[in-house]
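Data first, discussion second: the structure below is written as structure tokens.
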Amino acid sequence: MNSEVLNAAYHCTDNYIDITATSILTLFEHNKSFSEINIYIIANGFTEATKQKCSELAERYNRKIFFVPIGDFLERNGLEIVQIKKKWLLDSYSRLFLDEFLPTDADRVLYLDGDILIMQDLHELWNIDLENNYCAAVPDCLSDEYNKLFGMKKGSAYCNSGVILIDLGKWRENQVDTLVKNYVRENGGYIFFMEQTVLNVLLQGKIKHLDAKYNVTTTMQYLSYDEILTIRKPAQFFTRQEVNEALRNPAIIHMTSLFFVINRAWNEKTNHPEHERFNYYHDKLGWGNFAMQKDNRGIKTRIIDFGVHALPRKLTVWIVSFLYNYVRIWKIKLQARRNKHS
């Protein structure tokens, strides 16, 4: 592995390119000390105009972007995935098959979700010793009830798959792609949290845990530490001091959704904590006016959002905790049983 050549991968559809390109720009902007940065975009439906804009962005920073068509990715790997939520794209499974999409001489890659902002130089992350692990990621806050549901050991850390540093050599050597295919088939294609659960279950004990600063989610930004513990009841999580330090000095910001937050950071109507920062970096793309997404929430969602903000915050937190840790788990079990008998 070359310590001065960073390989990063995204998956993206053409209508999401403004968000992903903003992420790529922040990576370029804050990592000028790398001798080379190679971006691999697992592309779905990219137009030539989109490719041209992205290539010009890379040239501006003397970097390279490679477009790898996703094609019939699911079909050629025999993956029949059950669509759980419309907003959870099936393309997300491509991050578990980067050994298929990237050149064989690439032995390490940093996978990044498109809704991410890079705020620091990543030399320390890129050159971290994986210590014989298959990859590295930041632990998320999930309870032991979810660990039990997914067949993971009690007290295990469940990692967020939005930022993954992958040892492609070990991935290929141990045929992780085959393990993924078998696991998906065994579960009839119904896997809650999709590829994130697959990653955590199959590589349990083989994922190096990164500092919280490498995946600062909206949950960490918007909720207090005590609220996180109340709602998520995490089996394993960071200390209060570690979370506070990550918030003060984030290396990677993950602009996720949250029940307290109306819409995403790039929506015209939002209270997302990263709305202004996203706009600032998107403007630096120089791609002209960005058509902010319209507020297309349905009546049901608007009523829920109103209730979330109208109720006393402590009551909302208690209700969400109950729904998250009991009702949702019951629904997942019920749907899994239905799926196996269908």
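As shown in the structure tokens, the chain order sets the letters A, B, ...; within each chain, residues go from 1, and ligands are also counted from 1 in the order they appear.
The strand (DSSP E or B) portion of stretch 178-328 of chain A consists of Ile207, Lys208, His209, Val216, Thr217, Ile252, Ile253, His254, Asn267 and Gln293 of chain A, with states taken from DSSP on the backbone.
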Expected file contents, prior selection, all heavy atoms, as a PDB file, in the first residue's frame:
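After the write, part22.pdb holds the following:
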```pdb
ATOM      1  N   ILE A 207     -13.604  -6.347  12.431  1.00  0.00           N
ATOM      2  CA  ILE A 207     -13.708  -4.932  12.058  1.00  0.00           C
ATOM      3  C   ILE A 207     -12.984  -4.097  13.113  1.00  0.00           C
ATOM      4  O   ILE A 207     -13.351  -4.127  14.285  1.00  0.00           O
ATOM      5  CB  ILE A 207     -15.178  -4.470  11.974  1.00  0.00           C
ATOM      6  CG1 ILE A 207     -15.966  -5.333  10.981  1.00  0.00           C
ATOM      7  CG2 ILE A 207     -15.255  -2.996  11.570  1.00  0.00           C
ATOM      8  CD1 ILE A 207     -17.452  -5.004  10.927  1.00  0.00           C
ATOM      9  N   LYS A 208     -11.973  -3.376  12.701  1.00  0.00           N
ATOM     10  CA  LYS A 208     -11.272  -2.488  13.630  1.00  0.00           C
ATOM     11  C   LYS A 208     -12.159  -1.275  13.913  1.00  0.00           C
ATOM     12  O   LYS A 208     -12.741  -0.701  12.998  1.00  0.00           O
ATOM     13  CB  LYS A 208      -9.946  -2.024  13.034  1.00  0.00           C
ATOM     14  CG  LYS A 208      -9.116  -1.147  13.972  1.00  0.00           C
ATOM     15  CD  LYS A 208      -7.815  -0.721  13.302  1.00  0.00           C
ATOM     16  CE  LYS A 208      -6.993   0.186  14.199  1.00  0.00           C
ATOM     17  NZ  LYS A 208      -6.465  -0.519  15.382  1.00  0.00           N
ATOM     18  N   HIS A 209     -12.253  -0.893  15.155  1.00  0.00           N
ATOM     19  CA  HIS A 209     -13.106   0.231  15.529  1.00  0.00           C
ATOM     20  C   HIS A 209     -12.343   1.544  15.459  1.00  0.00           C
ATOM     21  O   HIS A 209     -11.279   1.701  16.062  1.00  0.00           O
ATOM     22  CB  HIS A 209     -13.667   0.017  16.939  1.00  0.00           C
ATOM     23  CG  HIS A 209     -14.549  -1.187  17.051  1.00  0.00           C
ATOM     24  ND1 HIS A 209     -14.862  -1.792  18.242  1.00  0.00           N
ATOM     25  CD2 HIS A 209     -15.194  -1.902  16.085  1.00  0.00           C
ATOM     26  CE1 HIS A 209     -15.653  -2.830  18.022  1.00  0.00           C
ATOM     27  NE2 HIS A 209     -15.856  -2.909  16.717  1.00  0.00           N
ATOM     28  N   VAL A 216     -19.089  11.318  12.315  1.00  0.00           N
ATOM     29  CA  VAL A 216     -19.928  12.112  13.216  1.00  0.00           C
ATOM     30  C   VAL A 216     -21.304  12.251  12.572  1.00  0.00           C
ATOM     31  O   VAL A 216     -21.485  13.017  11.623  1.00  0.00           O
ATOM     32  CB  VAL A 216     -19.307  13.494  13.491  1.00  0.00           C
ATOM     33  CG1 VAL A 216     -20.240  14.343  14.353  1.00  0.00           C
ATOM     34  CG2 VAL A 216     -17.952  13.336  14.176  1.00  0.00           C
ATOM     35  N   THR A 217     -22.260  11.493  13.084  1.00  0.00           N
ATOM     36  CA  THR A 217     -23.594  11.469  12.501  1.00  0.00           C
ATOM     37  C   THR A 217     -24.474  12.587  13.058  1.00  0.00           C
ATOM     38  O   THR A 217     -24.158  13.214  14.069  1.00  0.00           O
ATOM     39  CB  THR A 217     -24.277  10.118  12.784  1.00  0.00           C
ATOM     40  OG1 THR A 217     -24.432   9.971  14.206  1.00  0.00           O
ATOM     41  CG2 THR A 217     -23.447   8.961  12.230  1.00  0.00           C
ATOM     42  N   ILE A 252     -14.802  13.552   9.773  1.00  0.00           N
ATOM     43  CA  ILE A 252     -15.793  13.195   8.759  1.00  0.00           C
ATOM     44  C   ILE A 252     -17.190  13.404   9.350  1.00  0.00           C
ATOM     45  O   ILE A 252     -17.520  12.834  10.390  1.00  0.00           O
ATOM     46  CB  ILE A 252     -15.637  11.731   8.302  1.00  0.00           C
ATOM     47  CG1 ILE A 252     -14.258  11.514   7.668  1.00  0.00           C
ATOM     48  CG2 ILE A 252     -16.743  11.346   7.322  1.00  0.00           C
ATOM     49  CD1 ILE A 252     -13.982  10.078   7.249  1.00  0.00           C
ATOM     50  N   ILE A 253     -17.987  14.218   8.680  1.00  0.00           N
ATOM     51  CA  ILE A 253     -19.356  14.486   9.115  1.00  0.00           C
ATOM     52  C   ILE A 253     -20.318  13.722   8.201  1.00  0.00           C
ATOM     53  O   ILE A 253     -20.234  13.823   6.980  1.00  0.00           O
ATOM     54  CB  ILE A 253     -19.677  15.994   9.062  1.00  0.00           C
ATOM     55  CG1 ILE A 253     -18.803  16.752  10.070  1.00  0.00           C
ATOM     56  CG2 ILE A 253     -21.151  16.245   9.347  1.00  0.00           C
ATOM     57  CD1 ILE A 253     -18.936  18.262   9.968  1.00  0.00           C
ATOM     58  N   HIS A 254     -21.210  12.969   8.820  1.00  0.00           N
ATOM     59  CA  HIS A 254     -22.161  12.136   8.085  1.00  0.00           C
ATOM     60  C   HIS A 254     -23.546  12.759   8.246  1.00  0.00           C
ATOM     61  O   HIS A 254     -24.142  12.693   9.322  1.00  0.00           O
ATOM     62  CB  HIS A 254     -22.127  10.711   8.643  1.00  0.00           C
ATOM     63  CG  HIS A 254     -22.756   9.694   7.761  1.00  0.00           C
ATOM     64  ND1 HIS A 254     -22.683   8.340   8.014  1.00  0.00           N
ATOM     65  CD2 HIS A 254     -23.469   9.808   6.612  1.00  0.00           C
ATOM     66  CE1 HIS A 254     -23.332   7.677   7.080  1.00  0.00           C
ATOM     67  NE2 HIS A 254     -23.828   8.548   6.215  1.00  0.00           N
ATOM     68  N   ASN A 267     -32.277  20.070   1.466  1.00  0.00           N
ATOM     69  CA  ASN A 267     -33.679  20.359   1.193  1.00  0.00           C
ATOM     70  C   ASN A 267     -33.959  21.840   1.438  1.00  0.00           C
ATOM     71  O   ASN A 267     -33.326  22.460   2.289  1.00  0.00           O
ATOM     72  CB  ASN A 267     -34.573  19.499   2.092  1.00  0.00           C
ATOM     73  CG  ASN A 267     -35.998  19.418   1.600  1.00  0.00           C
ATOM     74  OD1 ASN A 267     -36.766  20.359   1.773  1.00  0.00           O
ATOM     75  ND2 ASN A 267     -36.363  18.298   0.996  1.00  0.00           N
ATOM     76  N   GLN A 293     -33.813  20.365  -2.970  1.00  0.00           N
ATOM     77  CA  GLN A 293     -34.952  19.463  -3.037  1.00  0.00           C
ATOM     78  C   GLN A 293     -36.181  20.105  -2.403  1.00  0.00           C
ATOM     79  O   GLN A 293     -36.087  20.789  -1.401  1.00  0.00           O
ATOM     80  CB  GLN A 293     -34.617  18.146  -2.335  1.00  0.00           C
ATOM     81  CG  GLN A 293     -33.626  17.290  -3.103  1.00  0.00           C
ATOM     82  CD  GLN A 293     -33.395  15.940  -2.443  1.00  0.00           C
ATOM     83  OE1 GLN A 293     -33.968  15.644  -1.402  1.00  0.00           O
ATOM     84  NE2 GLN A 293     -32.550  15.131  -3.041  1.00  0.00           N
TER      85      GLN A 293
END
```
Tell me which protein, DNA and RNA residues are within 8 Å of A:Leu142, counting only C-alpha atoms, leaving out same-chain ones fewer than 3 positions away, and put them as number ranges by chain. A: 146-147, 157-158, 232-236
How close does each residue of stretch 145-220 of chain A get to stretch 67-75 of chain A, giving the shortest atom pair and distance in Å to one decimal for every residue with an atom at most 12 Å away, counting only C-alpha atoms, sorted by chain and residue number, as a Markdown table?
```
| residue | atom | partner | partner_atom | distance |
| --- | --- | --- | --- | --- |
| A:Val180 | CA | A:Leu74 | CA | 11.9 |
| A:Lys181 | CA | A:Leu74 | CA | 10.0 |
| A:Val184 | CA | A:Leu74 | CA | 11.4 |
| A:Gly189 | CA | A:Leu74 | CA | 11.3 |
```
Keeping N, CA and C atoms, export the residues of the selection given above as a compact mmCIF listing (two decimals), in the first residue's frame.
```txt
# COMPACT_ATOMS: atom_id res chain seq x y z
N VAL A 180 -21.18 -12.93 1.48
CA VAL A 180 -22.31 -12.01 1.39
C VAL A 180 -23.46 -12.65 0.62
N LYS A 181 -23.15 -13.21 -0.55
CA LYS A 181 -24.18 -13.84 -1.37
C LYS A 181 -24.91 -14.93 -0.60
N VAL A 184 -27.20 -13.47 2.20
CA VAL A 184 -28.41 -12.85 1.66
C VAL A 184 -29.42 -13.92 1.25
N GLY A 189 -33.24 -12.61 1.28
CA GLY A 189 -33.10 -11.25 0.78
C GLY A 189 -33.63 -10.18 1.72
```
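Put simply, atom CA of A:Gln204 is 26.5 Å away from atom CA of A:Pro103.
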Please list as an mmCIF file with N, CA and C atoms, in the first residue's frame every residue within 10 Å of A:Gly162, counting only C-alpha atoms and excluding residues in the same chain fewer than 4 positions away.
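Saved as out-v3.cif:
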```cif
data_model
loop_
_atom_site.group_PDB
_atom_site.id
_atom_site.type_symbol
_atom_site.label_atom_id
_atom_site.label_comp_id
_atom_site.auth_asym_id
_atom_site.auth_seq_id
_atom_site.Cartn_x
_atom_site.Cartn_y
_atom_site.Cartn_z
ATOM 1 N N TYR A 10 -17.239 5.706 -3.970
ATOM 2 C CA TYR A 10 -18.619 6.099 -3.696
ATOM 3 C C TYR A 10 -19.524 5.282 -4.616
ATOM 4 N N SER A 92 -26.702 0.125 -2.547
ATOM 5 C CA SER A 92 -25.821 0.232 -1.384
ATOM 6 C C SER A 92 -25.033 -1.050 -1.130
ATOM 7 N N ARG A 95 -20.999 -1.611 -2.001
ATOM 8 C CA ARG A 95 -19.815 -1.357 -1.164
ATOM 9 C C ARG A 95 -19.197 -2.652 -0.644
ATOM 10 N N TYR A 111 -14.225 3.509 1.541
ATOM 11 C CA TYR A 111 -15.581 3.697 1.033
ATOM 12 C C TYR A 111 -16.244 4.832 1.801
ATOM 13 N N LEU A 112 -16.960 5.712 1.071
ATOM 14 C CA LEU A 112 -17.659 6.840 1.683
ATOM 15 C C LEU A 112 -19.069 6.965 1.115
ATOM 16 N N ASP A 113 -20.044 7.159 1.981
ATOM 17 C CA ASP A 113 -21.391 7.494 1.511
ATOM 18 C C ASP A 113 -21.360 8.884 0.879
ATOM 19 N N GLY A 114 -22.329 9.151 0.004
ATOM 20 C CA GLY A 114 -22.366 10.442 -0.672
ATOM 21 C C GLY A 114 -22.773 11.598 0.222
ATOM 22 N N ASP A 115 -23.443 11.303 1.345
ATOM 23 C CA ASP A 115 -23.910 12.375 2.239
ATOM 24 C C ASP A 115 -22.897 12.667 3.348
ATOM 25 N N ILE A 116 -21.649 12.765 2.937
ATOM 26 C CA ILE A 116 -20.544 12.942 3.883
ATOM 27 C C ILE A 116 -19.732 14.175 3.524
ATOM 28 N N ALA A 137 -14.204 0.610 10.800
ATOM 29 C CA ALA A 137 -15.405 1.446 10.749
ATOM 30 C C ALA A 137 -15.694 1.992 12.142
ATOM 31 N N VAL A 138 -16.624 2.925 12.203
ATOM 32 C CA VAL A 138 -16.974 3.567 13.473
ATOM 33 C C VAL A 138 -18.196 2.875 14.087
ATOM 34 N N GLN A 196 -25.434 -2.941 5.814
ATOM 35 C CA GLN A 196 -24.779 -2.607 7.082
ATOM 36 C C GLN A 196 -24.845 -3.789 8.049
ATOM 37 N N ASN A 215 -16.794 9.482 11.844
ATOM 38 C CA ASN A 215 -18.162 9.316 11.346
ATOM 39 C C ASN A 215 -19.107 10.001 12.333
ATOM 40 N N THR A 217 -22.260 11.493 13.084
ATOM 41 C CA THR A 217 -23.594 11.469 12.501
ATOM 42 C C THR A 217 -24.474 12.587 13.058
ATOM 43 N N HIS A 254 -21.210 12.969 8.820
ATOM 44 C CA HIS A 254 -22.161 12.136 8.085
ATOM 45 C C HIS A 254 -23.546 12.759 8.246
ATOM 46 N N THR A 256 -26.724 12.398 8.193
ATOM 47 C CA THR A 256 -27.783 11.400 8.209
ATOM 48 C C THR A 256 -29.129 12.031 8.562
#
```
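Taking atom CA of A:Lys314 as the reference point, atom CA of A:Thr230 is found at 10.0 Å.
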How far is it from atom CA of A:Val82 to atom CA of A:Ser161, in Å with one decimal? 18.9 Å
Which residues, written as a ChimeraX atom specification, have at least one atom at most 12 Å from stretch 322-339 of chain A, with only C-alpha atoms counted and residues fewer than 2 positions away on the same chain left out? /A:81-84,141-150,185-193,228-234,259,315-320,341-342
Residues near stretch 164-173 of chain A, cut-off 10 Å, only C-alpha atoms, skip fewer than 3 positions along chain, as a ChimeraX atom specification: /A:1,7-9,95-100,102,104-113,125-128,130,132-138,159-161,176-178,207-208,210,214-215
For A:Gly286, please output as a PyMOL selection string all residues within 10 Å (counting only C-alpha atoms; exclusion window: fewer than 4 positions along the same chain). chain A and resi 53+57+281-282+290
Neighbouring residues of A:Asp121 were defined as those with any atom within 10 Å, considering only C-alpha atoms; residues of the same chain fewer than 4 positions away were excluded. Please report them as a PDB file with N, CA and C atoms, in the first residue's frame.
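Everything below was put into around25.pdb:
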```
ATOM      1  N   LEU A  27     -13.288  16.251   0.198  1.00  0.00           N
ATOM      2  CA  LEU A  27     -12.146  15.332   0.290  1.00  0.00           C
ATOM      3  C   LEU A  27     -10.923  15.944  -0.383  1.00  0.00           C
ATOM      4  N   PHE A  28     -11.104  16.488  -1.576  1.00  0.00           N
ATOM      5  CA  PHE A  28     -10.000  17.147  -2.289  1.00  0.00           C
ATOM      6  C   PHE A  28      -9.492  18.373  -1.523  1.00  0.00           C
ATOM      7  N   GLU A  29     -10.433  19.168  -1.055  1.00  0.00           N
ATOM      8  CA  GLU A  29     -10.102  20.446  -0.424  1.00  0.00           C
ATOM      9  C   GLU A  29      -9.253  20.275   0.831  1.00  0.00           C
ATOM     10  N   HIS A  30      -9.519  19.236   1.610  1.00  0.00           N
ATOM     11  CA  HIS A  30      -8.832  19.059   2.887  1.00  0.00           C
ATOM     12  C   HIS A  30      -7.750  17.978   2.855  1.00  0.00           C
ATOM     13  N   ASN A  31      -7.423  17.501   1.663  1.00  0.00           N
ATOM     14  CA  ASN A  31      -6.393  16.464   1.554  1.00  0.00           C
ATOM     15  C   ASN A  31      -5.427  16.754   0.409  1.00  0.00           C
ATOM     16  N   LYS A  32      -4.980  17.995   0.346  1.00  0.00           N
ATOM     17  CA  LYS A  32      -4.085  18.419  -0.723  1.00  0.00           C
ATOM     18  C   LYS A  32      -2.673  17.862  -0.560  1.00  0.00           C
ATOM     19  N   SER A  33      -2.361  17.332   0.625  1.00  0.00           N
ATOM     20  CA  SER A  33      -1.008  16.828   0.874  1.00  0.00           C
ATOM     21  C   SER A  33      -0.775  15.426   0.307  1.00  0.00           C
ATOM     22  N   PHE A  34      -1.850  14.711  -0.070  1.00  0.00           N
ATOM     23  CA  PHE A  34      -1.666  13.408  -0.714  1.00  0.00           C
ATOM     24  C   PHE A  34      -1.081  13.617  -2.104  1.00  0.00           C
ATOM     25  N   LEU A 125      -5.971   8.260   9.108  1.00  0.00           N
ATOM     26  CA  LEU A 125      -6.944   7.203   8.855  1.00  0.00           C
ATOM     27  C   LEU A 125      -6.453   6.264   7.766  1.00  0.00           C
ATOM     28  N   TRP A 126      -6.001   6.823   6.650  1.00  0.00           N
ATOM     29  CA  TRP A 126      -5.600   6.008   5.505  1.00  0.00           C
ATOM     30  C   TRP A 126      -4.465   5.045   5.862  1.00  0.00           C
ATOM     31  N   ALA A 251     -13.557  14.814  11.871  1.00  0.00           N
ATOM     32  CA  ALA A 251     -12.791  14.571  10.645  1.00  0.00           C
ATOM     33  C   ALA A 251     -13.734  14.281   9.480  1.00  0.00           C
ATOM     34  N   ILE A 252     -14.802  13.552   9.773  1.00  0.00           N
ATOM     35  CA  ILE A 252     -15.793  13.195   8.759  1.00  0.00           C
ATOM     36  C   ILE A 252     -17.190  13.404   9.350  1.00  0.00           C
TER      37      ILE A 252
END
```
DSSP on the backbone, helix (DSSP H, G or I) only: what residues of stretch 108-179 of chain A does that give? Format it as JSON, numbers by chain. {"A": [123, 124, 125, 126, 144, 145, 146, 147, 148, 149, 150, 168, 169, 170, 171, 172, 173, 176, 177, 178, 179]}
Could those residues be written to a file, using N, CA and C atoms, as a CSV table (one decimal), in the first residue's frame?
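again25.csv, written as the output of this step:
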```csv
chain,number,residue,atom,x,y,z
A,123,HIS,N,-4.6,11.4,6.3
A,123,HIS,CA,-3.4,10.5,6.3
A,123,HIS,C,-3.4,9.5,7.5
A,124,GLU,N,-3.8,10.0,8.7
A,124,GLU,CA,-3.8,9.2,9.8
A,124,GLU,C,-4.8,8.0,9.6
A,125,LEU,N,-6.0,8.3,9.1
A,125,LEU,CA,-6.9,7.2,8.9
A,125,LEU,C,-6.5,6.3,7.8
A,126,TRP,N,-6.0,6.8,6.7
A,126,TRP,CA,-5.6,6.0,5.5
A,126,TRP,C,-4.5,5.0,5.9
A,144,ASP,N,-28.5,-4.4,22.4
A,144,ASP,CA,-28.3,-5.8,22.4
A,144,ASP,C,-29.5,-6.6,21.9
A,145,GLU,N,-30.7,-5.9,21.9
A,145,GLU,CA,-31.9,-6.5,21.3
A,145,GLU,C,-31.7,-6.6,19.8
A,146,TYR,N,-31.0,-5.7,19.2
A,146,TYR,CA,-30.8,-5.7,17.8
A,146,TYR,C,-29.6,-6.7,17.5
A,147,ASN,N,-28.6,-6.8,18.4
A,147,ASN,CA,-27.6,-7.8,18.3
A,147,ASN,C,-28.2,-9.2,18.3
A,148,LYS,N,-29.1,-9.4,19.2
A,148,LYS,CA,-29.8,-10.7,19.3
A,148,LYS,C,-30.6,-11.0,18.0
A,149,LEU,N,-31.3,-10.0,17.6
A,149,LEU,CA,-32.1,-10.1,16.4
A,149,LEU,C,-31.3,-10.5,15.1
A,150,PHE,N,-30.1,-9.9,15.0
A,150,PHE,CA,-29.2,-10.2,13.9
A,150,PHE,C,-28.3,-11.4,14.1
A,168,LEU,N,-8.7,-4.7,0.7
A,168,LEU,CA,-9.2,-5.4,-0.5
A,168,LEU,C,-8.5,-6.7,-0.7
A,169,GLY,N,-7.2,-6.8,-0.3
A,169,GLY,CA,-6.4,-8.0,-0.4
A,169,GLY,C,-7.1,-9.1,0.4
A,170,LYS,N,-7.3,-8.8,1.7
A,170,LYS,CA,-8.0,-9.7,2.6
A,170,LYS,C,-9.4,-10.1,2.1
A,171,TRP,N,-10.1,-9.1,1.6
A,171,TRP,CA,-11.4,-9.2,1.1
A,171,TRP,C,-11.5,-10.3,0.0
A,172,ARG,N,-10.5,-10.2,-0.9
A,172,ARG,CA,-10.4,-11.1,-2.0
A,172,ARG,C,-10.0,-12.5,-1.5
A,173,GLU,N,-8.9,-12.5,-0.7
A,173,GLU,CA,-8.3,-13.7,-0.2
A,173,GLU,C,-9.4,-14.6,0.5
A,176,VAL,N,-15.0,-12.6,0.6
A,176,VAL,CA,-16.1,-12.0,1.4
A,176,VAL,C,-17.3,-11.9,0.5
A,177,ASP,N,-17.1,-11.7,-0.8
A,177,ASP,CA,-18.3,-11.5,-1.7
A,177,ASP,C,-19.2,-12.8,-1.7
A,178,THR,N,-18.5,-14.0,-1.6
A,178,THR,CA,-19.3,-15.2,-1.6
A,178,THR,C,-20.0,-15.4,-0.3
A,179,LEU,N,-19.4,-14.9,0.8
A,179,LEU,CA,-20.0,-15.0,2.1
A,179,LEU,C,-21.3,-14.1,2.1
```
